[in-house]
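Since the structure comes first, as structure tokens, the remarks are kept for the end.
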Amino acid sequence: MKKIIALPFFCFPLTVSAFHADTAAGNDESNLKWRAGVAEVVITPEQSMWMAGYGARDRPSEGTRHDIWANGLAVEDADGRQAVLITTDLLGFPKSISDNIRDRIEEKFGLSRANIILNSSHTHTGPVLENALVDIYPLDDSQRELISRYSRQLEMSIVSLVGEALQSMEPARIYAENGVTRFAVNRRNNPAATLHEQTELKGPVDHAVPVLKVENENGKLLAVAFGYACHPTVLNDYKWSGDYPGFARIELEKTYPEATFLFFQGAGADQNPLPRRTVQLAEQYGKTLAAAVERVLREEMRPLQSRLMTAYSEVNLKMTAVSTQQELVQIAKESSGYQNRWANRMLEELKRGKEFPDSYPYPVQVWQLGDQPIVSLGGELVVDYAIEVKRILGQHTFVLGYSNDVMSYIPSARVLREGGYEGASSQMVYGLPSTWEADIETVILYEIVKLAEKSGQP
């Protein structure tokens with residue numbers, strides 16, 4: 001069992017020119033001294049359990065390909081401000097578990113929600129968690145008990161990891177830069193079945209590989225946090241694994257065995273690794289991502305001033321009207337699997353007179369380490385958000401999805417207009433009563449700008 005560390009970030013400049021000016025002003029050696037600590041823990045289930053991510057699965061797990069992990073990075077700036085980044089090989093944290101973890105971290109260590117990022121890689125070869133994917137799998141009572149027990153243990157393990165990371169902090173320097181790799185493909189515009197016939201890929205993508213490097217005062221590599229915007233869906237079997245991010249971490253640890261590597265998922269909801277479905281391809285993409293990270297580590301990276309600012313809010317995203325009883329009956333009649341279970345559950349709740357919410361408290365978060373802006377957003381975030389945030393805040397910005405609460409897909413205005421799974425029907429997977437209103441992208445982007453201004457940006 002390893003340990004965890006957390007990572008703080010500071011308010012971000014709103015223009016590229018401000019970013020470069022801040023960089024030039026921040027290279028005084030006395031301004032570069034941070035404190036940082038790391039820890040990890042294996043979170044591979046000890047028993048066979050249902051796996052999260054594919055509605056077509058018809059049985060629980062059958063062994064382990066490689067362990068899955070919770071990893072952490074804790075950072076403290078020159079003024080004593082602390083924050084923690086937690087990354088996990090999980091599909092995503094539902095609100096109830098995320099709230100429990102963050103509440104306990106605040107109670108034990110005094111870190112507010114603004115100072116905690118709880119990110120999931122979105123691997124589809126990790127376990128189902130409690131209060132998540134409620135309609136996808138035909139769970140019996142014994143499996144529900146296993147899932148509940150695992151979820152409670154997971155909460156305790158992550159809180160303990162944060163404590164270990166905070167206790168292990170030592171003087172450090174932090175660096176940032178973006179790399180690149182190109183195996184992510186926009187799945188909405190490039191059907192997997194005909195990919196081999198295409199000579200040109202279509203649709204928006206984000207091929208950046210954001211990298212944070214943490215060294216101690218002697219130059220020893222302590223931790224590397226790195227990300228990519230792409231579904232970890234190479235594998236669809238019944239063995240626990242971190243998919244391509246897990247293989248990337250394994251590859252990097254061969255070269256840097258004493259360092260802790262943390263993978264965070266970007267705005268990859270509509271991005272797939274294509275082609276896929278073999279272990280060899282998962283290994284190939286893992287090595288490709290690891291090579292992109294290693295290239296950045298070997299080149300000159302931007303040193304970050306020891307200044308931390310954080311901001312957090314939950315904005316109410318409006319949902320459309322719930323389907324009528326007649327519409328739900330029709331869905332139940334014409335569908336099978338999770339769609340059928342969703343429709344029948346909705347009908348039962350309507351009969352009991354349940355009042356369904358017309359909005360959802362959506363987490364928006366802004367960190368900045370020195371001059372490095374980081375925006376973390378909840379849900380399965382489509383790539384349009386990374387593109388727009390970088391247009392607003394600068395191409396150097398790190399954009400994380402799947403953070404703090406994974407409640408549904410988060411479509412953009414474009415995706416809602418075009419229709420399809422991400423905007424029109426994916427809410428059934430997560431058990432939401434209806435789809436999002438058309439203004440969802442505007443509301444989220446406006447909230448990001450508000451938090452940037454709250455952080456003291458012009």
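To be explicit about the labels: the chains of the structure tokens are called A, B, and onward in the order shown, and within each one the residues are counted from 1, while ligands get numbers from 1 in the order they are shown.
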List the neighbours of A:Trp436 out to 12 Å using only C-alpha atoms; skip same-chain residues closer than 3 positions along the sequence, and give me the result as a ChimeraX atom specification.
/A:316-322,357-360,362,407-413,415-417,422-427,432-433,439-441,443
Residues within 6 Å of stretch 164-171 of chain A, please, as a PDB file with C-alpha atoms, in the first residue's frame. Count only C-alpha atoms; anything in the same chain fewer than 2 positions from it doesn't count.
```pdb
ATOM      1  CA  ILE A   4      -1.419  10.110  -1.216  1.00  0.00           C
ATOM      2  CA  ILE A   5      -0.731  13.796  -1.863  1.00  0.00           C
ATOM      3  CA  TRP A  34       6.642  25.147  -2.125  1.00  0.00           C
ATOM      4  CA  ARG A  35       6.007  22.264   0.234  1.00  0.00           C
ATOM      5  CA  ALA A  36       4.606  19.070  -1.253  1.00  0.00           C
ATOM      6  CA  GLY A  37       3.722  15.550  -0.182  1.00  0.00           C
ATOM      7  CA  VAL A  38       2.518  12.445  -1.989  1.00  0.00           C
ATOM      8  CA  ALA A  39       0.774   9.172  -1.176  1.00  0.00           C
ATOM      9  CA  ALA A  74      -0.662  17.827  -1.417  1.00  0.00           C
ATOM     10  CA  LEU A 161      -4.383   9.218   2.170  1.00  0.00           C
ATOM     11  CA  VAL A 162      -4.925  12.953   2.385  1.00  0.00           C
ATOM     12  CA  ASN A 216      12.189  18.208  -3.730  1.00  0.00           C
ATOM     13  CA  GLU A 217      14.821  20.830  -2.948  1.00  0.00           C
TER      14      GLU A 217
END
```
Shell of 8 Å around stretch 57-73 of chain A, only C-alpha atoms, local chain residues under 4 positions omitted, as a tab-separated table (two decimals) with N, CA and C atoms, in the first residue's frame:
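selection27.tsv was written with the following content:
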```tsv
chain	number	residue	atom	x	y	z
A	3	LYS	N	0.93	5.80	-0.55
A	3	LYS	CA	0.34	6.96	0.12
A	3	LYS	C	-0.23	7.96	-0.86
A	4	ILE	N	-0.78	9.13	-0.33
A	4	ILE	CA	-1.42	10.11	-1.22
A	4	ILE	C	-0.92	11.52	-1.03
A	5	ILE	N	-1.03	12.39	-2.08
A	5	ILE	CA	-0.73	13.80	-1.86
A	5	ILE	C	-1.69	14.68	-2.60
A	6	ALA	N	-1.73	15.91	-2.20
A	6	ALA	CA	-2.70	16.82	-2.74
A	6	ALA	C	-2.04	17.97	-3.41
A	7	LEU	N	-2.77	18.63	-4.29
A	7	LEU	CA	-2.15	19.62	-5.14
A	7	LEU	C	-2.93	20.90	-5.19
A	36	ALA	N	5.45	20.05	-0.58
A	36	ALA	CA	4.61	19.07	-1.25
A	36	ALA	C	4.77	17.70	-0.61
A	37	GLY	N	3.70	16.92	-0.67
A	37	GLY	CA	3.72	15.55	-0.18
A	37	GLY	C	2.87	14.65	-1.06
A	38	VAL	N	3.24	13.38	-1.12
A	38	VAL	CA	2.52	12.45	-1.99
A	38	VAL	C	2.16	11.17	-1.23
A	39	ALA	N	1.13	10.48	-1.73
A	39	ALA	CA	0.77	9.17	-1.18
A	39	ALA	C	-0.12	8.44	-2.17
A	40	GLU	N	-0.19	7.13	-2.04
A	40	GLU	CA	-0.99	6.28	-2.93
A	40	GLU	C	-1.60	5.14	-2.12
A	41	VAL	N	-2.66	4.57	-2.62
A	41	VAL	CA	-3.20	3.36	-2.01
A	41	VAL	C	-3.88	2.52	-3.09
A	42	VAL	N	-3.70	1.21	-3.01
A	42	VAL	CA	-4.40	0.28	-3.90
A	42	VAL	C	-5.87	0.25	-3.52
A	43	ILE	N	-6.75	0.39	-4.51
A	43	ILE	CA	-8.20	0.33	-4.25
A	43	ILE	C	-8.86	-0.79	-5.05
A	44	THR	N	-8.07	-1.77	-5.47
A	44	THR	CA	-8.62	-2.93	-6.17
A	44	THR	C	-9.54	-3.71	-5.24
A	48	SER	N	-15.05	-10.37	-6.04
A	48	SER	CA	-15.70	-10.14	-7.33
A	48	SER	C	-16.89	-9.21	-7.15
A	49	MET	N	-16.95	-8.16	-7.98
A	49	MET	CA	-18.03	-7.17	-7.92
A	49	MET	C	-18.42	-6.76	-9.33
A	50	TRP	N	-19.57	-6.12	-9.44
A	50	TRP	CA	-19.97	-5.58	-10.74
A	50	TRP	C	-19.04	-4.43	-11.11
A	51	MET	N	-18.75	-4.35	-12.41
A	51	MET	CA	-17.84	-3.34	-12.94
A	51	MET	C	-18.65	-2.20	-13.58
A	84	VAL	N	-5.30	19.90	-2.15
A	84	VAL	CA	-5.01	18.51	-2.43
A	84	VAL	C	-5.70	18.07	-3.72
A	85	LEU	N	-4.93	17.41	-4.59
A	85	LEU	CA	-5.46	16.76	-5.78
A	85	LEU	C	-5.50	15.26	-5.54
A	86	ILE	N	-6.66	14.67	-5.73
A	86	ILE	CA	-6.84	13.22	-5.57
A	86	ILE	C	-7.27	12.66	-6.91
A	87	THR	N	-6.54	11.69	-7.41
A	87	THR	CA	-6.91	11.03	-8.66
A	87	THR	C	-7.18	9.56	-8.40
A	88	THR	N	-8.11	8.98	-9.14
A	88	THR	CA	-8.53	7.60	-8.86
A	88	THR	C	-8.82	6.84	-10.15
A	89	ASP	N	-8.58	5.54	-10.10
A	89	ASP	CA	-8.95	4.65	-11.21
A	89	ASP	C	-10.39	4.18	-11.00
A	126	GLY	N	-13.27	-0.56	-13.59
A	126	GLY	CA	-13.26	-0.36	-12.15
A	126	GLY	C	-14.62	-0.73	-11.58
A	137	TYR	N	-27.41	-2.04	-13.86
A	137	TYR	CA	-27.10	-3.44	-13.60
A	137	TYR	C	-28.18	-4.11	-12.75
A	158	ILE	N	-9.40	7.15	1.18
A	158	ILE	CA	-9.02	8.42	0.57
A	158	ILE	C	-8.79	9.49	1.63
A	161	LEU	N	-5.44	8.85	3.09
A	161	LEU	CA	-4.38	9.22	2.17
A	161	LEU	C	-4.08	10.71	2.21
A	162	VAL	N	-5.13	11.51	2.31
A	162	VAL	CA	-4.92	12.95	2.39
A	162	VAL	C	-4.10	13.29	3.61
A	165	ALA	N	-0.49	12.39	2.99
A	165	ALA	CA	0.17	13.33	2.08
A	165	ALA	C	0.53	14.63	2.78
A	223	ALA	N	6.74	13.72	-7.67
A	223	ALA	CA	5.43	13.40	-8.22
A	223	ALA	C	5.27	14.05	-9.58
A	238	TYR	N	-13.62	-8.33	-18.09
A	238	TYR	CA	-14.07	-8.48	-16.71
A	238	TYR	C	-12.91	-8.50	-15.71
A	239	LYS	N	-11.79	-7.90	-16.09
A	239	LYS	CA	-10.63	-7.84	-15.20
A	239	LYS	C	-10.39	-6.40	-14.75
A	240	TRP	N	-10.14	-6.20	-13.45
A	240	TRP	CA	-9.86	-4.87	-12.93
A	240	TRP	C	-8.62	-4.29	-13.59
A	241	SER	N	-8.68	-3.03	-13.99
A	241	SER	CA	-7.50	-2.35	-14.52
A	241	SER	C	-7.80	-0.85	-14.63
A	242	GLY	N	-6.75	-0.08	-14.82
A	242	GLY	CA	-6.89	1.35	-15.07
A	242	GLY	C	-6.95	1.67	-16.55
A	246	GLY	N	-3.73	3.41	-16.68
A	246	GLY	CA	-3.00	2.50	-15.80
A	246	GLY	C	-1.72	2.00	-16.44
A	260	THR	N	5.71	9.33	-7.65
A	260	THR	CA	4.28	9.02	-7.67
A	260	THR	C	3.67	9.68	-8.90
A	261	PHE	N	2.90	8.91	-9.68
A	261	PHE	CA	2.28	9.42	-10.89
A	261	PHE	C	0.76	9.44	-10.72
A	262	LEU	N	0.17	10.59	-11.05
A	262	LEU	CA	-1.26	10.80	-10.88
A	262	LEU	C	-1.86	11.15	-12.24
```
Selected residue, from A:Leu32, A:Leu195, A:Ala208, A:Ala259, that lies nearest to A:Val296 when counting only C-alpha atoms:
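Going through A:Leu32, A:Leu195, A:Ala208, A:Ala259 one by one, the smallest distance to A:Val296 is for A:Ala208.
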Of the listed residues A:Leu111, A:Leu393, A:Ala176, A:Val75, that which approaches A:Val159 most closely, counting only C-alpha atoms:
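Residue with the minimum atom-to-atom distance to A:Val159: A:Leu111.
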Would you pick out the contacts of A:Arg341 at 12 Å or less, using only C-alpha atoms, so that residues sharing its chain but fewer than 5 positions from it are not included, and give the list as a PDB file with N, CA and C atoms, in the first residue's frame?
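Saved as around-v2.pdb:
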```
ATOM      1  N   GLY A  55     -23.225  -1.087 -20.058  1.00  0.00           N
ATOM      2  CA  GLY A  55     -24.530  -1.663 -19.767  1.00  0.00           C
ATOM      3  C   GLY A  55     -24.683  -3.085 -20.268  1.00  0.00           C
ATOM      4  N   LEU A 133     -25.145   4.776 -11.160  1.00  0.00           N
ATOM      5  CA  LEU A 133     -25.564   3.839 -12.212  1.00  0.00           C
ATOM      6  C   LEU A 133     -26.681   2.923 -11.724  1.00  0.00           C
ATOM      7  N   VAL A 134     -27.657   3.540 -11.074  1.00  0.00           N
ATOM      8  CA  VAL A 134     -28.653   2.763 -10.330  1.00  0.00           C
ATOM      9  C   VAL A 134     -29.526   1.884 -11.209  1.00  0.00           C
ATOM     10  N   ASP A 135     -29.650   2.216 -12.492  1.00  0.00           N
ATOM     11  CA  ASP A 135     -30.539   1.439 -13.359  1.00  0.00           C
ATOM     12  C   ASP A 135     -29.794   0.529 -14.336  1.00  0.00           C
ATOM     13  N   ILE A 136     -28.468   0.580 -14.333  1.00  0.00           N
ATOM     14  CA  ILE A 136     -27.743  -0.159 -15.375  1.00  0.00           C
ATOM     15  C   ILE A 136     -27.700  -1.652 -15.105  1.00  0.00           C
ATOM     16  N   TYR A 137     -27.406  -2.041 -13.855  1.00  0.00           N
ATOM     17  CA  TYR A 137     -27.104  -3.441 -13.596  1.00  0.00           C
ATOM     18  C   TYR A 137     -28.181  -4.108 -12.747  1.00  0.00           C
ATOM     19  N   PRO A 138     -28.494  -5.362 -13.054  1.00  0.00           N
ATOM     20  CA  PRO A 138     -29.491  -6.118 -12.280  1.00  0.00           C
ATOM     21  C   PRO A 138     -28.867  -6.690 -11.008  1.00  0.00           C
ATOM     22  N   LEU A 139     -28.642  -5.823 -10.031  1.00  0.00           N
ATOM     23  CA  LEU A 139     -27.931  -6.223  -8.820  1.00  0.00           C
ATOM     24  C   LEU A 139     -28.851  -6.967  -7.860  1.00  0.00           C
ATOM     25  N   LEU A 328     -43.253   7.566 -20.707  1.00  0.00           N
ATOM     26  CA  LEU A 328     -42.484   6.569 -19.967  1.00  0.00           C
ATOM     27  C   LEU A 328     -42.989   5.154 -20.247  1.00  0.00           C
ATOM     28  N   VAL A 329     -44.287   5.006 -20.329  1.00  0.00           N
ATOM     29  CA  VAL A 329     -44.861   3.695 -20.669  1.00  0.00           C
ATOM     30  C   VAL A 329     -44.351   3.245 -22.032  1.00  0.00           C
ATOM     31  N   ILE A 331     -41.528   4.165 -23.532  1.00  0.00           N
ATOM     32  CA  ILE A 331     -40.110   3.816 -23.429  1.00  0.00           C
ATOM     33  C   ILE A 331     -39.945   2.429 -22.827  1.00  0.00           C
ATOM     34  N   ALA A 332     -40.695   2.156 -21.759  1.00  0.00           N
ATOM     35  CA  ALA A 332     -40.607   0.852 -21.103  1.00  0.00           C
ATOM     36  C   ALA A 332     -41.020  -0.275 -22.053  1.00  0.00           C
ATOM     37  N   LYS A 333     -42.008  -0.012 -22.877  1.00  0.00           N
ATOM     38  CA  LYS A 333     -42.529  -1.027 -23.793  1.00  0.00           C
ATOM     39  C   LYS A 333     -41.532  -1.308 -24.917  1.00  0.00           C
ATOM     40  N   GLU A 334     -40.851  -0.271 -25.382  1.00  0.00           N
ATOM     41  CA  GLU A 334     -40.016  -0.409 -26.572  1.00  0.00           C
ATOM     42  C   GLU A 334     -38.533  -0.673 -26.266  1.00  0.00           C
ATOM     43  N   SER A 335     -38.142  -0.611 -24.989  1.00  0.00           N
ATOM     44  CA  SER A 335     -36.722  -0.717 -24.656  1.00  0.00           C
ATOM     45  C   SER A 335     -36.447  -1.936 -23.788  1.00  0.00           C
ATOM     46  N   SER A 336     -35.163  -2.196 -23.582  1.00  0.00           N
ATOM     47  CA  SER A 336     -34.725  -3.273 -22.693  1.00  0.00           C
ATOM     48  C   SER A 336     -33.550  -2.762 -21.880  1.00  0.00           C
ATOM     49  N   MET A 346     -39.000   5.265 -12.984  1.00  0.00           N
ATOM     50  CA  MET A 346     -39.637   6.570 -13.065  1.00  0.00           C
ATOM     51  C   MET A 346     -41.154   6.458 -12.929  1.00  0.00           C
ATOM     52  N   LEU A 347     -41.730   5.441 -13.554  1.00  0.00           N
ATOM     53  CA  LEU A 347     -43.180   5.244 -13.443  1.00  0.00           C
ATOM     54  C   LEU A 347     -43.582   4.958 -12.009  1.00  0.00           C
ATOM     55  N   GLU A 348     -42.805   4.108 -11.318  1.00  0.00           N
ATOM     56  CA  GLU A 348     -43.107   3.802  -9.923  1.00  0.00           C
ATOM     57  C   GLU A 348     -43.017   5.051  -9.053  1.00  0.00           C
ATOM     58  N   MET A 428     -30.243   8.720 -18.678  1.00  0.00           N
ATOM     59  CA  MET A 428     -30.826   7.474 -18.153  1.00  0.00           C
ATOM     60  C   MET A 428     -29.760   6.619 -17.474  1.00  0.00           C
ATOM     61  N   VAL A 429     -28.537   6.632 -18.027  1.00  0.00           N
ATOM     62  CA  VAL A 429     -27.449   5.838 -17.460  1.00  0.00           C
ATOM     63  C   VAL A 429     -27.220   6.218 -16.002  1.00  0.00           C
ATOM     64  N   TYR A 430     -27.298   7.519 -15.717  1.00  0.00           N
ATOM     65  CA  TYR A 430     -27.017   8.008 -14.372  1.00  0.00           C
ATOM     66  C   TYR A 430     -28.262   8.158 -13.512  1.00  0.00           C
ATOM     67  N   GLY A 431     -29.423   7.847 -14.056  1.00  0.00           N
ATOM     68  CA  GLY A 431     -30.640   7.883 -13.259  1.00  0.00           C
ATOM     69  C   GLY A 431     -31.276   9.251 -13.119  1.00  0.00           C
TER      70      GLY A 431
END
```
Just the residues within 8 Å of stretch 384-390 of chain A, please, counting only C-alpha atoms, with nothing from its chain fewer than 4 positions along; format it as a ChimeraX atom specification.
/A:204,206,266-267,394-397,399,412,441,445
Would you pick out the contacts of stretch 277-283 of chain A at 8 Å or less, using only C-alpha atoms, so that residues sharing its chain but fewer than 4 positions from it are not included, and give the list as an NGL selection string?
:A and (233-236 or 243-244 or 247-248 or 287)
Considering only C-alpha atoms, state which residue in the set A:Asp371, A:Glu258, A:Glu46, A:Asp103 is at the smallest distance from A:Leu308.
A:Asp371
Which residue of A:Gln265, A:Gln82, A:Thr194, A:Asn404 approaches A:Pro210 most closely, using only C-alpha atoms:
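Closest candidate: A:Gln265.
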Work out how far apart atom CA of A:Thr125 and atom CA of A:Ala52 are and give it in Å to one decimal.
6.6 Å
Hey, can you check how far atom CA of A:Ile444 sits from atom CA of A:Glu76?
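That distance, rounded to one decimal, is 28.5 Å.
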Stretch 144-223 of chain A residues near stretch 96-102 of chain A within 10 Å, closest pair each, using only C-alpha atoms, as CSV:
```
residue,atom,partner,partner_atom,distance
A:Ser151,CA,A:Ile97,CA,7.6
A:Arg152,CA,A:Ile97,CA,8.4
A:Leu154,CA,A:Ile97,CA,9.1
A:Glu155,CA,A:Ile101,CA,5.6
A:Met156,CA,A:Ile101,CA,7.8
A:Ser157,CA,A:Ile101,CA,9.6
A:Ile158,CA,A:Ile101,CA,7.3
A:Val159,CA,A:Ile101,CA,6.4
```
Write the selection just made, keeping N, CA and C atoms, as a short mmCIF file (atom, residue, chain, number, x, y, z; two decimals), in the first residue's frame?
```cif
data_model
loop_
_atom_site.label_atom_id
_atom_site.label_comp_id
_atom_site.auth_asym_id
_atom_site.auth_seq_id
_atom_site.Cartn_x
_atom_site.Cartn_y
_atom_site.Cartn_z
N SER A 151 -17.70 0.96 -0.96
CA SER A 151 -17.80 2.42 -1.02
C SER A 151 -17.41 3.06 0.30
N ARG A 152 -17.83 2.45 1.42
CA ARG A 152 -17.44 3.00 2.73
C ARG A 152 -15.94 2.89 2.95
N LEU A 154 -13.65 2.77 0.63
CA LEU A 154 -13.02 3.72 -0.27
C LEU A 154 -12.98 5.12 0.35
N GLU A 155 -14.08 5.54 0.93
CA GLU A 155 -14.14 6.86 1.57
C GLU A 155 -13.06 6.97 2.65
N MET A 156 -12.97 5.96 3.51
CA MET A 156 -11.99 5.99 4.59
C MET A 156 -10.57 6.00 4.05
N SER A 157 -10.31 5.21 3.01
CA SER A 157 -8.96 5.12 2.44
C SER A 157 -8.51 6.46 1.88
N ILE A 158 -9.40 7.15 1.18
CA ILE A 158 -9.02 8.42 0.57
C ILE A 158 -8.79 9.49 1.63
N VAL A 159 -9.62 9.54 2.65
CA VAL A 159 -9.41 10.51 3.73
C VAL A 159 -8.06 10.23 4.42
#
```
Using only C-alpha atoms, find the one residue out of A:Gly110, A:Gly419, A:Gly378, A:Pro127 that sits nearest to A:Gln365.
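When distances to A:Gln365 are compared using only C-alpha atoms, the smallest one comes from A:Gly378.
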Give the helix (DSSP H, G or I) residues of stretch 293-373 of chain A, as DSSP finds them on the backbone, and put them as a ChimeraX atom specification.
/A:293-298,325-334,337-351
What is the atom CA of A:Thr310-atom CA of A:Asn131 distance in Å, reported with one decimal?
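Separation of atom CA of A:Thr310 and atom CA of A:Asn131: 28.6 Å.
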